[in-house]
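Dumped structure23.txt below, it's compact mmCIF, C-alpha atoms:
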# COMPACT_ATOMS: atom_id res chain seq x y z
CA MET U 5 -102.19 56.42 -50.39
CA THR U 6 -103.33 57.87 -53.64
CA GLY U 7 -101.97 60.39 -56.04
CA VAL U 8 -101.50 61.22 -59.68
CA SER U 9 -99.97 58.36 -61.62
CA GLY U 10 -97.01 59.25 -63.79
CA GLY U 11 -96.91 58.24 -67.42
CA SER U 12 -94.33 55.90 -68.87
CA LEU U 13 -91.19 57.42 -70.28
CA GLY U 14 -91.28 54.89 -73.08
CA ARG U 15 -94.71 55.91 -74.44
CA ASP U 16 -95.59 58.60 -76.93
CA ALA U 17 -98.61 60.87 -76.79
CA GLY U 18 -100.80 58.17 -78.32
CA GLY U 19 -99.73 55.52 -75.84
CA ALA U 20 -97.61 53.48 -78.26
CA THR U 21 -94.48 52.00 -76.79
CA VAL U 22 -91.29 53.62 -78.02
CA GLN U 23 -88.90 50.72 -77.47
CA PRO U 24 -85.78 52.18 -79.16
CA ALA U 25 -85.94 55.30 -76.99
CA ARG U 26 -86.50 53.22 -73.86
CA ARG U 27 -83.57 50.92 -74.67
CA SER U 28 -81.30 53.89 -75.28
CA VAL U 29 -82.27 55.50 -71.97
CA GLN U 30 -81.78 52.19 -70.16
CA ALA U 31 -78.33 51.63 -71.65
CA THR U 32 -77.18 55.14 -70.74
CA SER U 33 -78.62 54.80 -67.25
CA TYR U 34 -76.84 51.50 -66.67
CA ALA U 35 -73.54 52.90 -67.89
CA SER U 36 -73.87 56.00 -65.70
CA PHE U 37 -74.51 53.90 -62.60
CA MET U 38 -71.50 51.75 -63.38
CA LEU U 39 -69.47 54.96 -63.53
CA ILE U 40 -70.61 56.29 -60.15
CA GLY U 41 -70.14 52.84 -58.62
CA TRP U 42 -66.53 52.79 -59.83
CA VAL U 43 -65.96 56.37 -58.63
CA SER U 44 -67.35 55.56 -55.18
CA LEU U 45 -64.61 52.95 -54.62
CA LEU U 46 -61.69 54.78 -56.23
CA LEU U 47 -60.26 56.52 -53.18
CA PRO U 48 -61.30 53.83 -50.66
CA SER U 49 -59.32 51.36 -52.80
CA LEU U 50 -56.36 53.75 -52.79
CA ILE U 51 -56.62 54.70 -49.13
CA ARG U 52 -53.19 53.37 -48.17
CA VAL U 53 -51.20 55.05 -50.94
CA VAL U 54 -53.15 58.33 -50.81
CA LYS U 55 -52.71 58.54 -47.03
CA GLY U 56 -48.99 58.03 -47.47
CA ASP U 57 -48.73 60.53 -50.32
CA PHE U 58 -50.40 63.31 -48.32
CA GLY U 59 -49.32 62.23 -44.82
CA GLN U 60 -52.92 61.76 -43.66
CA THR U 61 -54.49 59.66 -40.89
CA ASP U 62 -57.80 57.79 -40.64
CA ALA U 63 -59.31 60.99 -39.25
CA GLY U 64 -58.16 62.87 -42.34
CA PHE U 65 -59.78 60.33 -44.60
CA GLY U 66 -62.88 60.49 -42.42
CA PHE U 67 -63.10 64.18 -43.24
CA LEU U 68 -62.60 63.39 -46.94
CA PHE U 69 -65.55 60.98 -46.80
CA LEU U 70 -67.56 63.69 -45.05
CA VAL U 71 -66.86 66.22 -47.81
CA SER U 72 -67.76 63.69 -50.49
CA ALA U 73 -70.97 62.71 -48.71
CA VAL U 74 -72.17 66.27 -48.08
CA LEU U 75 -71.74 67.22 -51.72
CA TYR U 76 -73.26 63.92 -52.85
CA ALA U 77 -76.36 64.72 -50.79
CA ALA U 78 -76.49 68.23 -52.24
CA GLY U 79 -76.31 66.79 -55.75
CA GLY U 80 -79.06 64.27 -55.06
CA LEU U 81 -81.37 66.78 -53.41
CA GLY U 82 -80.68 69.26 -56.19
CA THR U 83 -82.15 66.91 -58.80
CA GLY U 84 -85.54 67.16 -57.11
CA VAL U 85 -85.36 70.86 -56.29
CA LEU U 86 -84.12 71.92 -59.73
CA HIS U 87 -85.98 69.39 -61.86
CA ASP U 88 -88.97 71.56 -62.70
CA ARG U 89 -86.79 74.56 -63.56
CA PHE U 90 -84.04 73.00 -65.65
CA GLY U 91 -85.21 69.50 -66.55
CA ARG U 92 -83.23 66.27 -66.46
CA ARG U 93 -81.31 67.03 -69.66
CA ALA U 94 -79.34 69.90 -68.14
CA ILE U 95 -79.03 68.26 -64.71
CA LEU U 96 -77.64 64.93 -65.94
CA ALA U 97 -75.24 66.46 -68.47
CA THR U 98 -73.90 68.85 -65.84
CA ALA U 99 -73.53 65.96 -63.40
CA ALA U 100 -71.25 64.05 -65.75
CA ALA U 101 -69.16 67.16 -66.35
CA LEU U 102 -68.81 67.67 -62.59
CA ILE U 103 -67.56 64.11 -62.10
CA ALA U 104 -65.00 64.60 -64.88
CA ALA U 105 -63.77 67.91 -63.50
CA GLY U 106 -63.61 66.66 -59.92
CA LEU U 107 -61.60 63.55 -60.75
CA VAL U 108 -59.11 65.45 -62.88
CA ILE U 109 -58.62 67.91 -60.01
CA GLU U 110 -58.06 64.97 -57.65
CA GLY U 111 -55.47 63.46 -59.96
CA LEU U 112 -53.58 66.74 -60.33
CA ALA U 113 -53.98 67.91 -56.72
CA PRO U 114 -50.63 69.10 -55.26
CA THR U 115 -52.04 69.48 -51.73
CA TRP U 116 -54.67 67.88 -49.53
CA PRO U 117 -57.11 70.85 -49.63
CA ILE U 118 -57.09 70.80 -53.45
CA LEU U 119 -57.78 67.07 -53.36
CA LEU U 120 -60.77 67.76 -51.11
CA VAL U 121 -62.10 70.29 -53.63
CA GLY U 122 -61.95 67.67 -56.36
CA VAL U 123 -63.62 65.09 -54.11
CA GLY U 124 -66.48 67.50 -53.38
CA ILE U 125 -67.06 68.36 -57.04
CA ALA U 126 -67.05 64.71 -58.11
CA GLY U 127 -69.36 63.86 -55.19
CA ALA U 128 -71.91 66.46 -56.28
CA GLY U 129 -71.92 65.05 -59.80
CA SER U 130 -72.33 61.48 -58.58
CA GLY U 131 -75.22 62.46 -56.30
CA ALA U 132 -76.98 64.26 -59.15
CA ILE U 133 -76.72 61.18 -61.36
CA ASP U 134 -77.94 58.96 -58.52
CA GLY U 135 -81.03 61.06 -57.80
CA GLY U 136 -81.73 62.00 -61.41
CA VAL U 137 -81.48 58.53 -62.91
CA ASN U 138 -83.43 56.94 -60.05
CA GLY U 139 -86.25 59.37 -60.73
CA LEU U 140 -86.03 58.66 -64.44
CA PHE U 141 -86.47 54.92 -63.81
CA MET U 142 -89.33 55.52 -61.38
CA ASP U 143 -91.09 57.36 -64.21
CA LEU U 144 -90.13 54.67 -66.70
CA TYR U 145 -91.56 51.86 -64.54
CA PRO U 146 -94.17 53.52 -62.27
CA GLU U 147 -95.82 50.21 -61.32
CA GLY U 148 -92.62 48.23 -60.79
CA GLY U 149 -91.95 46.35 -57.57
CA GLY U 150 -88.22 46.92 -57.59
CA GLY U 151 -86.95 44.55 -60.28
CA GLN U 152 -86.09 47.27 -62.79
CA LEU U 153 -84.55 49.55 -60.17
CA SER U 154 -82.56 46.57 -58.89
CA GLY U 155 -81.27 46.10 -62.42
CA LEU U 156 -80.19 49.74 -62.49
CA HIS U 157 -78.43 49.47 -59.14
CA LEU U 158 -76.85 46.20 -60.21
CA PHE U 159 -74.63 48.26 -62.49
CA TYR U 160 -73.62 50.49 -59.59
CA GLY U 161 -72.61 47.32 -57.80
CA ILE U 162 -70.68 46.07 -60.82
CA GLY U 163 -68.71 49.30 -61.00
CA ALA U 164 -67.99 49.20 -57.29
CA MET U 165 -67.16 45.48 -57.41
CA VAL U 166 -64.54 45.71 -60.15
CA ALA U 167 -62.89 48.90 -58.90
CA PRO U 168 -60.93 47.52 -55.90
CA PRO U 169 -59.23 44.58 -57.68
CA ILE U 170 -58.52 46.51 -60.87
CA VAL U 171 -57.28 49.63 -59.08
CA GLY U 172 -55.27 47.50 -56.67
CA TRP U 173 -53.70 45.56 -59.55
CA LEU U 174 -52.83 48.76 -61.41
CA VAL U 175 -51.10 50.27 -58.37
CA ILE U 176 -49.27 47.04 -57.53
CA SER U 177 -48.13 46.91 -61.15
CA GLY U 178 -46.56 50.34 -60.79
CA ALA U 179 -49.23 52.72 -62.10
CA ASP U 180 -49.37 56.10 -60.37
CA TRP U 181 -52.67 56.42 -58.52
CA ARG U 182 -53.04 59.92 -59.93
CA TYR U 183 -53.19 58.60 -63.47
CA VAL U 184 -55.88 56.11 -62.47
CA VAL U 185 -58.08 58.83 -60.93
CA ALA U 186 -57.56 61.45 -63.65
CA GLY U 187 -58.03 58.81 -66.34
CA THR U 188 -61.43 57.99 -64.90
CA GLY U 189 -62.26 61.70 -65.11
CA ILE U 190 -61.42 61.75 -68.81
CA VAL U 191 -63.67 58.72 -69.35
CA ALA U 192 -66.48 60.52 -67.49
CA LEU U 193 -66.43 63.29 -70.10
CA GLY U 194 -67.78 60.76 -72.57
CA TYR U 195 -70.98 60.54 -70.54
CA VAL U 196 -72.03 64.17 -71.00
CA LEU U 197 -73.78 63.83 -74.36
CA PRO U 198 -75.44 60.42 -73.74
CA LEU U 199 -76.83 61.63 -70.41
CA ARG U 200 -78.02 64.83 -72.04
CA ALA U 201 -79.87 62.73 -74.65
CA ALA U 202 -81.39 60.45 -71.98
CA GLY U 203 -82.52 63.46 -69.97
CA SER U 204 -83.96 65.04 -73.09
CA ALA U 205 -86.03 61.91 -73.75
CA ALA U 206 -87.38 62.11 -70.21
CA ASP U 207 -88.14 65.83 -70.49
CA THR U 208 -90.07 65.46 -73.76
CA ARG U 209 -91.82 62.12 -73.23
CA HIS U 210 -92.83 62.31 -69.56
CA ARG U 211 -95.23 64.99 -68.47
CA LEU U 212 -97.06 64.94 -65.17
CA PRO U 213 -100.81 65.29 -65.83
CA PRO U 214 -102.65 68.03 -63.98
CA SER U 215 -103.94 66.89 -60.62
CA GLY U 216 -107.39 68.38 -60.99
CA GLY U 217 -107.19 69.82 -57.49
CA ALA U 218 -106.28 66.51 -55.82
CA ARG U 219 -104.20 66.67 -52.70
CA ASP U 220 -100.48 66.32 -53.38
CA PRO U 221 -99.42 62.82 -52.23
CA LEU U 222 -96.41 64.34 -50.52
CA ASP U 223 -98.83 65.86 -48.02
CA HIS U 224 -98.61 62.44 -46.33
CA ARG U 225 -95.07 62.87 -45.08
CA LEU U 226 -94.73 60.31 -42.28
CA PRO U 227 -94.29 57.25 -44.52
CA LEU U 228 -91.71 59.18 -46.55
CA ALA U 229 -89.92 60.15 -43.34
CA ALA U 230 -89.78 56.49 -42.30
CA LEU U 231 -88.39 55.55 -45.71
CA ALA U 232 -85.82 58.32 -45.34
CA VAL U 233 -84.70 56.83 -42.01
CA ALA U 234 -84.58 53.36 -43.58
CA ILE U 235 -82.47 54.42 -46.52
CA GLY U 236 -80.22 56.57 -44.34
CA CYS U 237 -79.48 53.66 -42.01
CA TYR U 238 -78.94 51.30 -44.91
CA VAL U 239 -76.52 53.61 -46.72
CA ALA U 240 -74.64 54.29 -43.47
CA SER U 241 -74.17 50.56 -42.99
CA GLU U 242 -73.24 49.85 -46.61
CA LEU U 243 -70.70 52.65 -46.85
CA ALA U 244 -69.21 51.84 -43.46
CA VAL U 245 -68.31 48.42 -44.84
CA SER U 246 -67.30 49.78 -48.24
CA SER U 247 -65.17 52.63 -46.94
CA TRP U 248 -63.42 50.91 -44.05
CA MET U 249 -63.17 47.21 -44.90
CA VAL U 250 -59.57 47.54 -46.11
CA GLY U 251 -58.65 49.48 -42.97
CA TYR U 252 -60.60 47.08 -40.74
CA LEU U 253 -58.52 44.19 -42.09
CA SER U 254 -55.23 45.98 -41.45
CA ASP U 255 -53.78 42.81 -39.89
CA GLU U 256 -54.32 40.94 -43.16
CA THR U 257 -52.45 41.36 -46.43
CA LEU U 258 -53.54 44.10 -48.84
CA GLY U 259 -54.52 41.41 -51.31
CA LEU U 260 -56.89 39.68 -48.88
CA ALA U 261 -58.36 42.99 -47.73
CA ALA U 262 -59.03 43.99 -51.35
CA ILE U 263 -60.63 40.59 -52.00
CA ALA U 264 -62.90 41.05 -48.98
CA LEU U 265 -64.01 44.46 -50.19
CA GLY U 266 -64.55 43.08 -53.67
CA ALA U 267 -66.50 40.14 -52.19
CA PHE U 268 -68.91 42.54 -50.48
CA TRP U 269 -69.66 44.27 -53.76
CA ALA U 270 -69.72 40.98 -55.68
CA GLY U 271 -72.35 39.72 -53.24
CA LEU U 272 -74.23 42.98 -53.52
CA ALA U 273 -74.20 42.76 -57.32
CA ALA U 274 -75.37 39.14 -57.18
CA GLY U 275 -78.20 40.13 -54.85
CA ARG U 276 -79.35 42.80 -57.26
CA LEU U 277 -79.04 40.42 -60.20
CA ALA U 278 -81.32 37.95 -58.41
CA ALA U 279 -83.72 40.80 -57.61
CA VAL U 280 -83.96 41.73 -61.30
CA ARG U 281 -85.50 38.33 -61.93
CA TYR U 282 -87.44 37.68 -58.74
CA ALA U 283 -88.11 40.94 -56.87
CA ASP U 284 -91.39 41.72 -58.63
CA ARG U 285 -92.79 38.37 -57.46
CA PHE U 286 -92.61 39.38 -53.80
CA ASP U 287 -93.88 42.14 -51.58
CA PRO U 288 -91.13 44.81 -51.75
CA VAL U 289 -91.50 45.74 -48.07
CA THR U 290 -91.01 42.14 -46.93
CA LEU U 291 -88.09 41.57 -49.28
CA ALA U 292 -86.31 44.82 -48.39
CA SER U 293 -86.73 44.45 -44.62
CA THR U 294 -85.62 40.80 -44.67
CA GLY U 295 -82.54 41.65 -46.73
CA ALA U 296 -81.52 44.43 -44.37
CA ALA U 297 -81.98 42.18 -41.33
CA VAL U 298 -79.88 39.35 -42.83
CA CYS U 299 -77.17 41.85 -43.74
CA GLY U 300 -77.03 43.08 -40.15
CA ALA U 301 -76.80 39.54 -38.80
CA ALA U 302 -73.96 38.61 -41.17
CA LEU U 303 -71.97 41.71 -40.21
CA ALA U 304 -72.47 41.01 -36.52
CA VAL U 305 -71.10 37.47 -36.93
CA MET U 306 -68.18 38.86 -38.97
CA VAL U 307 -67.15 41.16 -36.12
CA VAL U 308 -67.31 38.35 -33.56
CA THR U 309 -65.39 35.84 -35.74
CA HIS U 310 -62.91 38.33 -37.24
CA GLY U 311 -60.32 36.87 -39.59
CA GLY U 312 -59.42 35.00 -42.76
CA ALA U 313 -61.63 33.32 -45.30
CA LEU U 314 -64.67 33.36 -42.99
CA THR U 315 -64.67 37.15 -43.12
CA ILE U 316 -64.77 37.05 -46.91
CA ALA U 317 -67.71 34.63 -46.84
CA LEU U 318 -69.65 36.70 -44.32
CA VAL U 319 -69.18 40.01 -46.12
CA ALA U 320 -70.28 38.31 -49.34
CA ILE U 321 -73.46 37.14 -47.57
CA ALA U 322 -74.03 40.63 -46.19
CA GLY U 323 -73.59 42.09 -49.64
CA PHE U 324 -75.99 39.60 -51.24
CA ALA U 325 -78.69 40.21 -48.64
CA SER U 326 -78.38 43.99 -48.83
CA GLY U 327 -78.15 44.16 -52.62
CA PRO U 328 -81.81 44.90 -53.40
CA VAL U 329 -82.51 47.00 -50.28
CA TYR U 330 -81.69 50.46 -51.68
CA PRO U 331 -83.55 50.07 -55.00
CA LEU U 332 -86.51 48.44 -53.23
CA ILE U 333 -86.81 51.39 -50.86
CA MET U 334 -86.83 53.67 -53.91
CA ALA U 335 -89.49 51.48 -55.53
CA ILE U 336 -91.62 51.58 -52.36
CA GLY U 337 -91.36 55.38 -52.42
CA GLY U 338 -92.41 55.42 -56.07
CA ARG U 339 -95.48 53.32 -55.28
CA LEU U 340 -96.50 55.45 -52.31
CA TYR U 341 -96.04 58.73 -54.19
CA PRO U 342 -96.91 58.10 -57.85
CA GLY U 343 -96.23 60.94 -60.24
CA ARG U 344 -93.63 62.56 -57.98
CA ALA U 345 -90.58 60.53 -58.98
CA ALA U 346 -88.12 63.42 -59.28
CA ARG U 347 -88.99 64.81 -55.85
CA VAL U 348 -89.17 61.45 -54.06
CA SER U 349 -85.96 60.11 -55.59
CA GLY U 350 -84.13 63.35 -54.83
CA LEU U 351 -85.32 63.38 -51.21
CA LEU U 352 -84.51 59.70 -50.65
CA THR U 353 -81.12 60.04 -52.31
CA ALA U 354 -80.30 62.96 -50.03
CA ALA U 355 -81.63 61.11 -46.98
CA GLY U 356 -79.47 58.13 -47.85
CA VAL U 357 -76.43 60.30 -48.05
CA VAL U 358 -77.15 61.72 -44.59
CA GLY U 359 -76.22 58.27 -43.32
CA SER U 360 -72.96 58.41 -45.25
CA ILE U 361 -72.28 61.92 -43.98
CA VAL U 362 -72.64 60.88 -40.35
CA TYR U 363 -71.44 57.34 -39.90
CA PRO U 364 -68.45 56.46 -42.12
CA PRO U 365 -66.62 59.69 -41.21
CA LEU U 366 -67.48 59.09 -37.56
CA MET U 367 -65.77 55.69 -37.78
CA GLY U 368 -62.57 57.42 -38.85
CA PHE U 369 -62.77 60.00 -36.09
CA VAL U 370 -63.31 57.46 -33.28
CA SER U 371 -61.18 54.59 -34.60
CA PRO U 372 -58.10 55.69 -32.59
CA TYR U 373 -60.15 55.24 -29.41
CA VAL U 374 -62.47 52.26 -29.99
CA GLY U 375 -61.09 50.65 -33.14
CA LEU U 376 -62.75 49.92 -36.47
CA GLY U 377 -64.26 46.71 -35.09
CA ALA U 378 -66.70 48.72 -32.99
CA GLY U 379 -67.59 50.70 -36.09
CA MET U 380 -68.37 47.51 -38.01
CA ALA U 381 -70.59 46.37 -35.13
CA GLY U 382 -72.42 49.68 -35.45
CA ALA U 383 -72.91 48.99 -39.15
CA ALA U 384 -74.68 45.76 -38.22
CA VAL U 385 -77.02 47.64 -35.88
CA LEU U 386 -77.79 50.22 -38.57
CA ALA U 387 -78.75 47.50 -41.06
CA ALA U 388 -81.18 46.06 -38.53
CA ALA U 389 -82.60 49.54 -37.87
CA SER U 390 -83.21 49.94 -41.61
CA ALA U 391 -85.29 46.75 -41.60
CA VAL U 392 -87.46 48.10 -38.78
CA ALA U 393 -87.96 51.49 -40.45
CA ILE U 394 -89.11 49.88 -43.70
CA ARG U 395 -91.81 48.01 -41.80
CA VAL U 396 -92.81 51.20 -39.97
CA ALA U 397 -93.19 53.01 -43.30
CA ARG U 398 -95.73 50.44 -44.45
CA ARG U 399 -97.75 50.75 -41.27
CA LEU U 400 -97.76 54.53 -41.56
CA ALA U 401 -98.79 54.35 -45.22
CA ALA U 402 -101.66 52.00 -44.37
CA GLY U 403 -102.80 54.38 -41.64
CA ALA U 404 -102.62 57.37 -43.98
CA SER U 405 -104.61 55.49 -46.63
CA ALA U 406 -107.29 54.57 -44.12
CA ALA U 407 -107.52 58.16 -42.92
CA ALA U 408 -107.79 59.43 -46.50
CA GLU U 409 -110.56 56.92 -47.23
CA ASP U 410 -112.44 58.01 -44.11
CA ASP U 411 -112.13 61.65 -45.19
CA ARG U 412 -113.40 60.79 -48.65
CA ARG U 413 -116.43 58.98 -47.29
CA GLY U 414 -117.03 61.42 -44.47
CA ARG U 415 -116.48 58.85 -41.74
CA PRO U 416 -115.46 59.95 -38.24
CA ARG U 417 -111.97 58.95 -37.12
CA HIS U 418 -111.48 56.88 -34.02
So that I can check it, write out the structure of this file as structure tokens.
Amino acid sequence: MTGVSGGSLGRDAGGATVQPARRSVQATSYASFMLIGWVSLLLPSLIRVVKGDFGQTDAGFGFLFLVSAVLYAAGGLGTGVLHDRFGRRAILATAAALIAAGLVIEGLAPTWPILLVGVGIAGAGSGAIDGGVNGLFMDLYPEGGGGQLSGLHLFYGIGAMVAPPIVGWLVISGADWRYVVAGTGIVALGYVLPLRAAGSAADTRHRLPPSGGARDPLDHRLPLAALAVAIGCYVASELAVSSWMVGYLSDETLGLAAIALGAFWAGLAAGRLAAVRYADRFDPVTLASTGAAVCGAALAVMVVTHGGALTIALVAIAGFASGPVYPLIMAIGGRLYPGRAARVSGLLTAAGVVGSIVYPPLMGFVSPYVGLGAGMAGAAVLAAASAVAIRVARRLAAGASAAAEDDRRGRPRH
């Protein structure tokens, strides 16, 4: 598949590398992903105390996850839709402000509906940062095989990894959960200006060259649709584990359940750290599909052998295997659709969140009838489905490339 290649964010008009600007954008991007990783695990880590405070059930928290996911998807999709009109500077700065406002509302919420409002606002901000910064990195490294995007998502994993044990320790030590949530919102305010500056660098240094009448690469939609299915299934599986692991291990102590959740994200972070070094040496489709398949297998074994230290080991393996999957799918999309990073990243971010909209809330709704174990088994199936969809995307892309070459040369199709 061919298209217009995007320029590098770190190059000036003459082609010289602007390393200080690139380093500044990288540092801000890493910090912003650590923030949204932390935010994503705040309420799941506090699920027991928040449920008690508001008198909610698993179904109630399922609806909370649904609200968060819907607004997260809207934020991610909005980065692609609004990019050409407002630019990344305004989008990213607004996203940080939304996270701050949403978390403060959550911390001050006197009732459950007000808490849901805060959750939705913070979710929209997180989704906008996810889609916007992914697109920024796809422009920054247009020829990358996933190593740089894995490095970016490593910081999401770090934020998510450290949230459960730190938040759990704070609450056990006597801190009010409301102070923890609102305090994170105050910290998020400090991201507004750095993200504005990073977005400004992207707006001024990256310009898409005119296509000269070439067909828009997004005209070939089937490979993108397959990638959307792949990322949706992957995110559904990942967030099913992330959102419900503590509830799934309800027969264990809170400390062990928190360790298991932290182990998943520790494994995921380790997988992304390994991908930073090695991912560009391998075919991204093979690496991503293999990782998703291994994740599914580990989760399936975990469900069958439920309990104790073995569960911690298996979720760590699942996390390690799945670590590079999301950023690799983004990188595959960037390669298939060069020069359309903002649109592709926004669409894939939104597609990923569709999985989180449907499956983790569904687990809460059906858990009174079938239990969370069945939901974890479903997460294993979804990971395997992601592996298949990634492979399908490559086959569709190869077919589209062959058809385009035949059209260019005037060959008949068979």
Checklist entry - Can you tell me, as number ranges by chain, what residues are no more than 6 Å from segment 148-163 of chain U when counting all atoms listed in the file, ignoring any on the same chain fewer than 2 positions away? => result U: 34, 37-38, 41-42, 145-146, 165-166, 269, 273, 276, 279-280, 283-284, 328, 331-332, 335
Checklist entry - How far is it from atom CA of Ser293 of chain U to atom CA of Ala381 of chain U, in Å with one decimal? => result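 Straight-line distance from atom CA of Ser293 of chain U to atom CA of Ala381 of chain U works out to 18.8 Å.
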Item to check | Polymer residues at most 8 Å from Ile125 of chain U, all atoms listed in the file, same-chain spacing of 5 or more positions, as a PyMOL selection string | outcome: chain U and resi 75+102-103+105-106
Checklist entry - To one decimal place, how far is atom CA of Ala383 of chain U from atom CA of Gly80 of chain U in Å? => result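 One can read the atom CA of Ala383 of chain U to atom CA of Gly80 of chain U distance as 22.9 Å.
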Can you tell me which residues surround Ser72 of chain U at a distance of at most 8 Å, considering only C-alpha atoms, apart from same-chain residues fewer than 6 positions away, and format the answer as an mmCIF file with C-alpha atoms, in the frame of the given file?
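See around-v2.cif below for the written result:
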data_model
loop_
_atom_site.group_PDB
_atom_site.id
_atom_site.type_symbol
_atom_site.label_atom_id
_atom_site.label_comp_id
_atom_site.auth_asym_id
_atom_site.auth_seq_id
_atom_site.Cartn_x
_atom_site.Cartn_y
_atom_site.Cartn_z
ATOM 1 C CA VAL U 123 -63.620 65.090 -54.110
ATOM 2 C CA GLY U 124 -66.480 67.500 -53.380
ATOM 3 C CA ALA U 126 -67.050 64.710 -58.110
ATOM 4 C CA GLY U 127 -69.360 63.860 -55.190
ATOM 5 C CA ALA U 128 -71.910 66.460 -56.280
#
Checklist entry - Which one is closest to Val358 of chain U: U:Ile95, U:Cys237, U:Val319, U:Ala201? Count all atoms listed in the file. => result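 The answer is U:Cys237, which sits nearest to Val358 of chain U.
If all atoms listed in the file are the atoms counted, then among U:Arg27, U:Val348, U:Phe324, U:Trp173 the closest residue to Ile263 of chain U is U:Trp173.
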